[in-house]
$ cat protein.cif   # mmCIF, C-alpha atoms and all ligand atoms
data_query
#
loop_
_atom_site.group_PDB
_atom_site.id
_atom_site.type_symbol
_atom_site.label_atom_id
_atom_site.label_comp_id
_atom_site.auth_asym_id
_atom_site.auth_seq_id
_atom_site.Cartn_x
_atom_site.Cartn_y
_atom_site.Cartn_z
ATOM 1 C CA MET B 1 21.497 -7.569 0.867
ATOM 2 C CA LYS B 2 22.095 -4.220 2.556
ATOM 3 C CA ILE B 3 19.200 -1.815 1.972
ATOM 4 C CA ASN B 4 19.381 1.625 3.481
ATOM 5 C CA TYR B 5 16.131 2.989 2.102
ATOM 6 C CA ASN B 6 12.472 2.119 2.575
ATOM 7 C CA ILE B 7 10.530 -0.170 0.287
ATOM 8 C CA ALA B 8 6.926 1.024 0.238
ATOM 9 C CA LEU B 9 4.475 -1.444 -1.260
ATOM 10 C CA SER B 10 1.673 0.197 -3.156
ATOM 11 C CA GLY B 11 -1.359 -1.093 -5.031
ATOM 12 C CA PHE B 12 -5.097 -1.541 -4.962
ATOM 13 C CA MET B 13 -6.926 -2.973 -1.959
ATOM 14 C CA GLY B 14 -6.481 -6.733 -1.874
ATOM 15 C CA CYS B 15 -3.295 -6.844 -3.994
ATOM 16 C CA GLY B 16 -1.310 -8.337 -1.093
ATOM 17 C CA LYS B 17 0.627 -5.351 0.254
ATOM 18 C CA THR B 18 0.507 -6.606 3.836
ATOM 19 C CA THR B 19 1.070 -10.298 3.095
ATOM 20 C CA VAL B 20 3.914 -9.674 0.667
ATOM 21 C CA GLY B 21 5.323 -6.909 2.864
ATOM 22 C CA LEU B 22 5.576 -9.180 5.886
ATOM 23 C CA ALA B 23 7.163 -11.998 3.913
ATOM 24 C CA LEU B 24 9.588 -9.591 2.248
ATOM 25 C CA SER B 25 10.599 -8.022 5.539
ATOM 26 C CA ASN B 26 11.383 -11.499 6.916
ATOM 27 C CA LYS B 27 13.340 -12.419 3.846
ATOM 28 C CA LEU B 28 15.380 -9.223 3.798
ATOM 29 C CA GLY B 29 15.710 -9.013 7.575
ATOM 30 C CA LEU B 30 14.133 -5.556 7.610
ATOM 31 C CA PRO B 31 11.467 -4.292 10.031
ATOM 32 C CA PHE B 32 7.894 -4.085 8.716
ATOM 33 C CA ILE B 33 5.297 -1.350 9.147
ATOM 34 C CA ASP B 34 1.722 -1.533 7.933
ATOM 35 C CA LEU B 35 0.503 2.023 7.465
ATOM 36 C CA ASP B 36 -3.139 1.241 8.282
ATOM 37 C CA CYS B 37 -2.103 -0.625 11.458
ATOM 38 C CA TYR B 38 0.136 2.279 12.425
ATOM 39 C CA ILE B 39 -2.827 4.678 12.142
ATOM 40 C CA GLU B 40 -5.167 2.293 13.973
ATOM 41 C CA LYS B 41 -2.722 1.917 16.876
ATOM 42 C CA GLN B 42 -2.077 5.627 17.070
ATOM 43 C CA GLN B 43 -5.776 6.551 16.971
ATOM 44 C CA LYS B 44 -6.946 3.517 18.950
ATOM 45 C CA LEU B 45 -9.659 3.131 16.330
ATOM 46 C CA THR B 46 -10.109 0.845 13.343
ATOM 47 C CA ILE B 47 -9.887 2.335 9.841
ATOM 48 C CA SER B 48 -13.612 1.594 9.417
ATOM 49 C CA LYS B 49 -14.420 3.522 12.583
ATOM 50 C CA ILE B 50 -12.265 6.476 11.520
ATOM 51 C CA PHE B 51 -14.145 6.676 8.199
ATOM 52 C CA GLN B 52 -17.487 6.224 9.902
ATOM 53 C CA GLU B 53 -16.958 8.775 12.677
ATOM 54 C CA TYR B 54 -14.762 11.394 11.013
ATOM 55 C CA GLY B 55 -14.968 10.787 7.252
ATOM 56 C CA GLU B 56 -12.451 10.064 4.522
ATOM 57 C CA GLU B 57 -10.880 13.526 4.486
ATOM 58 C CA HIS B 58 -9.862 13.172 8.107
ATOM 59 C CA PHE B 59 -8.476 9.694 7.431
ATOM 60 C CA ARG B 60 -6.368 11.103 4.570
ATOM 61 C CA LYS B 61 -4.882 13.708 6.918
ATOM 62 C CA LEU B 62 -3.950 11.018 9.431
ATOM 63 C CA GLU B 63 -2.532 8.954 6.593
ATOM 64 C CA SER B 64 -0.311 11.836 5.413
ATOM 65 C CA LEU B 65 0.936 12.461 8.943
ATOM 66 C CA ALA B 66 1.750 8.767 9.326
ATOM 67 C CA VAL B 67 3.617 8.801 6.000
ATOM 68 C CA LYS B 68 5.708 11.733 7.225
ATOM 69 C CA ASP B 69 6.483 10.016 10.532
ATOM 70 C CA ILE B 70 7.423 6.709 9.004
ATOM 71 C CA SER B 71 9.523 8.281 6.244
ATOM 72 C CA LYS B 72 11.827 9.807 8.838
ATOM 73 C CA ASN B 73 13.373 6.338 9.121
ATOM 74 C CA VAL B 74 15.095 4.191 6.538
ATOM 75 C CA GLY B 75 15.430 0.455 6.038
ATOM 76 C CA TYR B 76 11.768 -0.438 6.504
ATOM 77 C CA VAL B 77 9.389 -2.463 4.415
ATOM 78 C CA ILE B 78 6.141 -0.476 4.452
ATOM 79 C CA ALA B 79 2.703 -1.649 3.352
ATOM 80 C CA LEU B 80 0.899 1.490 2.205
ATOM 81 C CA GLY B 81 -2.861 1.863 2.096
ATOM 82 C CA GLY B 82 -4.505 1.460 -1.292
ATOM 83 C CA GLY B 83 -5.098 5.206 -1.538
ATOM 84 C CA THR B 84 -1.827 6.526 -0.091
ATOM 85 C CA ILE B 85 -0.260 7.394 -3.443
ATOM 86 C CA LEU B 86 -3.302 9.443 -4.504
ATOM 87 C CA SER B 87 -1.703 12.358 -2.669
ATOM 88 C CA PRO B 88 1.260 13.763 -4.648
ATOM 89 C CA GLN B 89 2.616 15.053 -1.361
ATOM 90 C CA ASN B 90 2.670 11.538 0.118
ATOM 91 C CA VAL B 91 4.470 10.280 -2.968
ATOM 92 C CA GLU B 92 7.066 13.015 -2.683
ATOM 93 C CA VAL B 93 7.672 12.311 1.003
ATOM 94 C CA LEU B 94 7.924 8.542 0.455
ATOM 95 C CA LYS B 95 10.432 8.988 -2.367
ATOM 96 C CA LYS B 96 12.773 11.070 -0.236
ATOM 97 C CA THR B 97 13.791 8.056 1.833
ATOM 98 C CA GLY B 98 12.435 5.138 -0.145
ATOM 99 C CA LYS B 99 11.159 3.511 -3.280
ATOM 100 C CA ILE B 100 7.540 2.864 -4.147
ATOM 101 C CA LEU B 101 6.922 -0.629 -5.451
ATOM 102 C CA PHE B 102 3.591 -1.194 -7.190
ATOM 103 C CA LEU B 103 2.053 -4.666 -6.913
ATOM 104 C CA ASN B 104 0.303 -4.705 -10.262
ATOM 105 C CA GLU B 105 -2.483 -7.233 -9.689
ATOM 106 C CA LYS B 106 -5.240 -7.872 -12.259
ATOM 107 C CA LYS B 107 -8.569 -6.181 -11.698
ATOM 108 C CA GLU B 108 -10.472 -9.458 -11.990
ATOM 109 C CA THR B 109 -8.305 -11.108 -9.313
ATOM 110 C CA LEU B 110 -8.833 -8.157 -6.989
ATOM 111 C CA GLN B 111 -12.603 -8.202 -7.543
ATOM 112 C CA GLU B 112 -12.691 -11.897 -6.714
ATOM 113 C CA ARG B 113 -10.617 -11.397 -3.544
ATOM 114 C CA LEU B 114 -12.630 -8.423 -2.379
ATOM 115 C CA LYS B 115 -16.118 -9.699 -3.123
ATOM 116 C CA ASN B 116 -16.826 -10.742 0.469
ATOM 117 C CA ASP B 117 -14.802 -8.020 2.179
ATOM 118 C CA LYS B 118 -16.652 -6.300 4.992
ATOM 119 C CA LYS B 119 -13.839 -4.277 6.532
ATOM 120 C CA ARG B 120 -12.906 -1.800 3.817
ATOM 121 C CA PRO B 121 -15.118 1.294 3.941
ATOM 122 C CA LEU B 122 -14.581 2.406 0.327
ATOM 123 C CA ILE B 123 -15.856 -0.822 -1.173
ATOM 124 C CA LYS B 124 -18.901 -1.515 0.937
ATOM 125 C CA ASN B 125 -20.696 -1.420 -2.383
ATOM 126 C CA LYS B 126 -18.906 -3.964 -4.573
ATOM 127 C CA ARG B 127 -20.173 -2.310 -7.756
ATOM 128 C CA TYR B 128 -17.670 0.506 -7.245
ATOM 129 C CA ILE B 129 -14.540 -1.640 -7.177
ATOM 130 C CA SER B 130 -14.101 -1.558 -10.931
ATOM 131 C CA THR B 131 -14.619 2.214 -11.208
ATOM 132 C CA ILE B 132 -12.230 3.001 -8.354
ATOM 133 C CA PHE B 133 -9.665 0.693 -9.932
ATOM 134 C CA GLU B 134 -9.980 2.353 -13.356
ATOM 135 C CA ASN B 135 -9.732 5.823 -11.820
ATOM 136 C CA ARG B 136 -6.586 4.967 -9.922
ATOM 137 C CA TYR B 137 -4.641 2.696 -12.206
ATOM 138 C CA GLU B 138 -2.587 5.405 -13.930
ATOM 139 C CA LYS B 139 -1.644 6.881 -10.569
ATOM 140 C CA TYR B 140 -0.313 3.552 -9.318
ATOM 141 C CA LEU B 141 1.821 3.325 -12.434
ATOM 142 C CA SER B 142 3.091 6.879 -12.474
ATOM 143 C CA SER B 143 3.926 7.039 -8.766
ATOM 144 C CA ALA B 144 5.913 3.784 -8.793
ATOM 145 C CA ASP B 145 9.685 3.437 -8.920
ATOM 146 C CA LEU B 146 9.375 -0.308 -9.367
ATOM 147 C CA ILE B 147 6.515 -2.419 -10.713
ATOM 148 C CA ILE B 148 5.942 -6.155 -10.429
ATOM 149 C CA THR B 149 3.133 -8.528 -11.241
ATOM 150 C CA PRO B 150 2.600 -10.604 -8.087
ATOM 151 C CA SER B 151 2.773 -14.394 -8.446
ATOM 152 C CA LYS B 152 0.179 -16.664 -6.831
ATOM 153 C CA ASN B 153 2.927 -17.785 -4.495
ATOM 154 C CA VAL B 154 4.129 -15.159 -1.992
ATOM 155 C CA SER B 155 7.720 -16.484 -1.866
ATOM 156 C CA GLU B 156 7.902 -16.233 -5.639
ATOM 157 C CA THR B 157 6.670 -12.652 -5.461
ATOM 158 C CA CYS B 158 9.346 -11.855 -2.865
ATOM 159 C CA LEU B 159 12.008 -13.396 -5.077
ATOM 160 C CA LYS B 160 10.878 -11.211 -7.978
ATOM 161 C CA ILE B 161 11.099 -8.160 -5.740
ATOM 162 C CA GLU B 162 14.547 -9.122 -4.451
ATOM 163 C CA ASN B 163 15.842 -9.545 -7.977
ATOM 164 C CA LEU B 164 14.417 -6.208 -8.989
ATOM 165 C CA ILE B 165 15.898 -4.465 -5.960
ATOM 166 C CA LYS B 166 19.336 -5.949 -6.695
ATOM 167 C CA LYS B 167 19.265 -4.244 -10.089
ATOM 168 C CA THR B 168 18.087 -0.935 -8.618
ATOM 169 C CA GLN B 169 20.153 2.060 -7.651
ATOM 170 C CA PRO B 170 19.761 3.162 -4.030
ATOM 171 C CA VAL B 171 17.666 6.268 -3.267
HETATM 172 C C1 LIG B 201 -7.940 2.503 1.131
HETATM 173 C C2 LIG B 201 -7.340 1.284 1.340
HETATM 174 C C3 LIG B 201 -7.212 0.685 2.672
HETATM 175 C C4 LIG B 201 -7.276 1.743 3.764
HETATM 176 C C5 LIG B 201 -8.478 2.609 3.586
HETATM 177 C C6 LIG B 201 -8.489 3.334 2.246
HETATM 178 C C7 LIG B 201 -8.008 3.029 -0.253
HETATM 179 O O1 LIG B 201 -5.984 -0.042 2.753
HETATM 180 O O2 LIG B 201 -6.113 2.520 3.774
HETATM 181 O O3 LIG B 201 -9.608 1.804 3.716
HETATM 182 O O4 LIG B 201 -8.280 4.226 -0.437
HETATM 183 O O5 LIG B 201 -7.772 2.248 -1.195
HETATM 184 P P1 LIG B 201 -5.754 -1.472 2.039
HETATM 185 O O6 LIG B 201 -5.290 -1.204 0.644
HETATM 186 O O7 LIG B 201 -4.671 -2.082 2.858
HETATM 187 O O8 LIG B 201 -7.020 -2.215 2.101
#
$ encode --input "protein.cif" --output "structure tokens"
Amino acid sequence: MKINYNIALSGFMGCGKTTVGLALSNKLGLPFIDLDCYIEKQQKLTISKIFQEYGEEHFRKLESLAVKDISKNVGYVIALGGGTILSPQNVEVLKKTGKILFLNEKKETLQERLKNDKKRPLIKNKRYISTIFENRYEKYLSSADLIITPSKNVSETCLKIENLIKKTQPV
């Protein structure tokens, strides 16, 4: 399948953006970029450290700059951060050269997956997961060009995405 636009995977923390993104990029023969990794490499700091030392606002600026950089190219599978689509500007930039695909995972599944997470700064306190999810859900839906419910099996999820992409008009 020839794809000359980016496929940007969006969704809440723990929905599988990176895992599915990597598998999808292999399947489609497209290069893969993980937005958080891109920022970490560029800053030579972990996301946790960036939040800790400079705060969330600074992280969001770095995130927007990274979105702009990455969106200059086409033909990439991109794993966004869980909060990337909260900025309308990021959404606009991503849509210029790509499609946003929302991995619509159930809240309960996410809570279960994230309950022992120690790396993600926004959910240090597990009580907030549900509230953050509720606050964001509409934004994930409204910013998405494509929406799928991930399967338990990553290959199955990739197949669903491939089938959806086949039916989709290019950017
Ligand atoms: C965030 C999600 C994280 C990372 C940062 C902020 C968010 O990415 O970008 O901690 O606001 O949801 P993952 O969704 O890959 O965990």
$ residues_near_ligand --input "protein.cif" --ligand "ligand LIG 201 (chain B)" --cutoff "9 Å" --atoms "all atoms listed in the file" --output "ChimeraX atom specification"
/B:10-18,34-36,47-48,51,56,59-60,63,79-84,86,119-123,132
$ atom_distance --input "protein.cif" --atom1 "atom CA of Ser142 of chain B" --atom2 "atom CA of Asp117 of chain B"
27.5 Å
$ atom_distance --input "protein.cif" --atom1 "atom CA of Asn104 of chain B" --atom2 "atom CA of Tyr76 of chain B"
20.8 Å
$ resolve_selection --input "protein.cif" --expression "the PyMOL selection byres (((chain B and resi 159-162) around 10) and not hetatm)" --output "MDAnalysis selection string"
chainID B and resid 1 20 24 27:28 101 103 146:151 154:158 163:168
$ residues_around --input "protein.cif" --residues "Tyr5 of chain B" --least-positions-apart "6" --cutoff "7 Å" --atoms "all atoms listed in the file" --output "list in words"
Val74, Gly75, Thr97, Gly98 and Val171 of chain B
$ write_last_selection --input "protein.cif" --atoms "C-alpha atoms" --output "PDB file, keeping the file's coordinate frame"
ATOM      1  CA  VAL B  74      15.095   4.191   6.538  1.00  0.00           C
ATOM      2  CA  GLY B  75      15.430   0.455   6.038  1.00  0.00           C
ATOM      3  CA  THR B  97      13.791   8.056   1.833  1.00  0.00           C
ATOM      4  CA  GLY B  98      12.435   5.138  -0.145  1.00  0.00           C
ATOM      5  CA  VAL B 171      17.666   6.268  -3.267  1.00  0.00           C
TER       6      VAL B 171
END
$ closest_residue --input "protein.cif" --among "B:Lys118, B:Lys99, B:Arg113, B:Lys124" --to "Ile3 of chain B" --atoms "all atoms listed in the file"
B:Lys99
$ closest_residue --input "protein.cif" --among "B:Lys72, B:Lys44, B:Lys126, B:Lys61" --to "Gln111 of chain B" --atoms "all atoms listed in the file"
B:Lys126
$ closest_residue --input "protein.cif" --among "B:Leu30, B:Leu22, B:Ile7, B:Leu62" --to "Leu45 of chain B" --atoms "only C-alpha atoms"
B:Leu62
$ atom_distance --input "protein.cif" --atom1 "atom CA of Gly21 of chain B" --atom2 "atom CA of Gln52 of chain B"
27.2 Å
$ closest_residue --input "protein.cif" --among "B:Ile78, B:Ile39, B:Ile50, B:Ile33" --to "Ala8 of chain B" --atoms "only C-alpha atoms"
B:Ile78
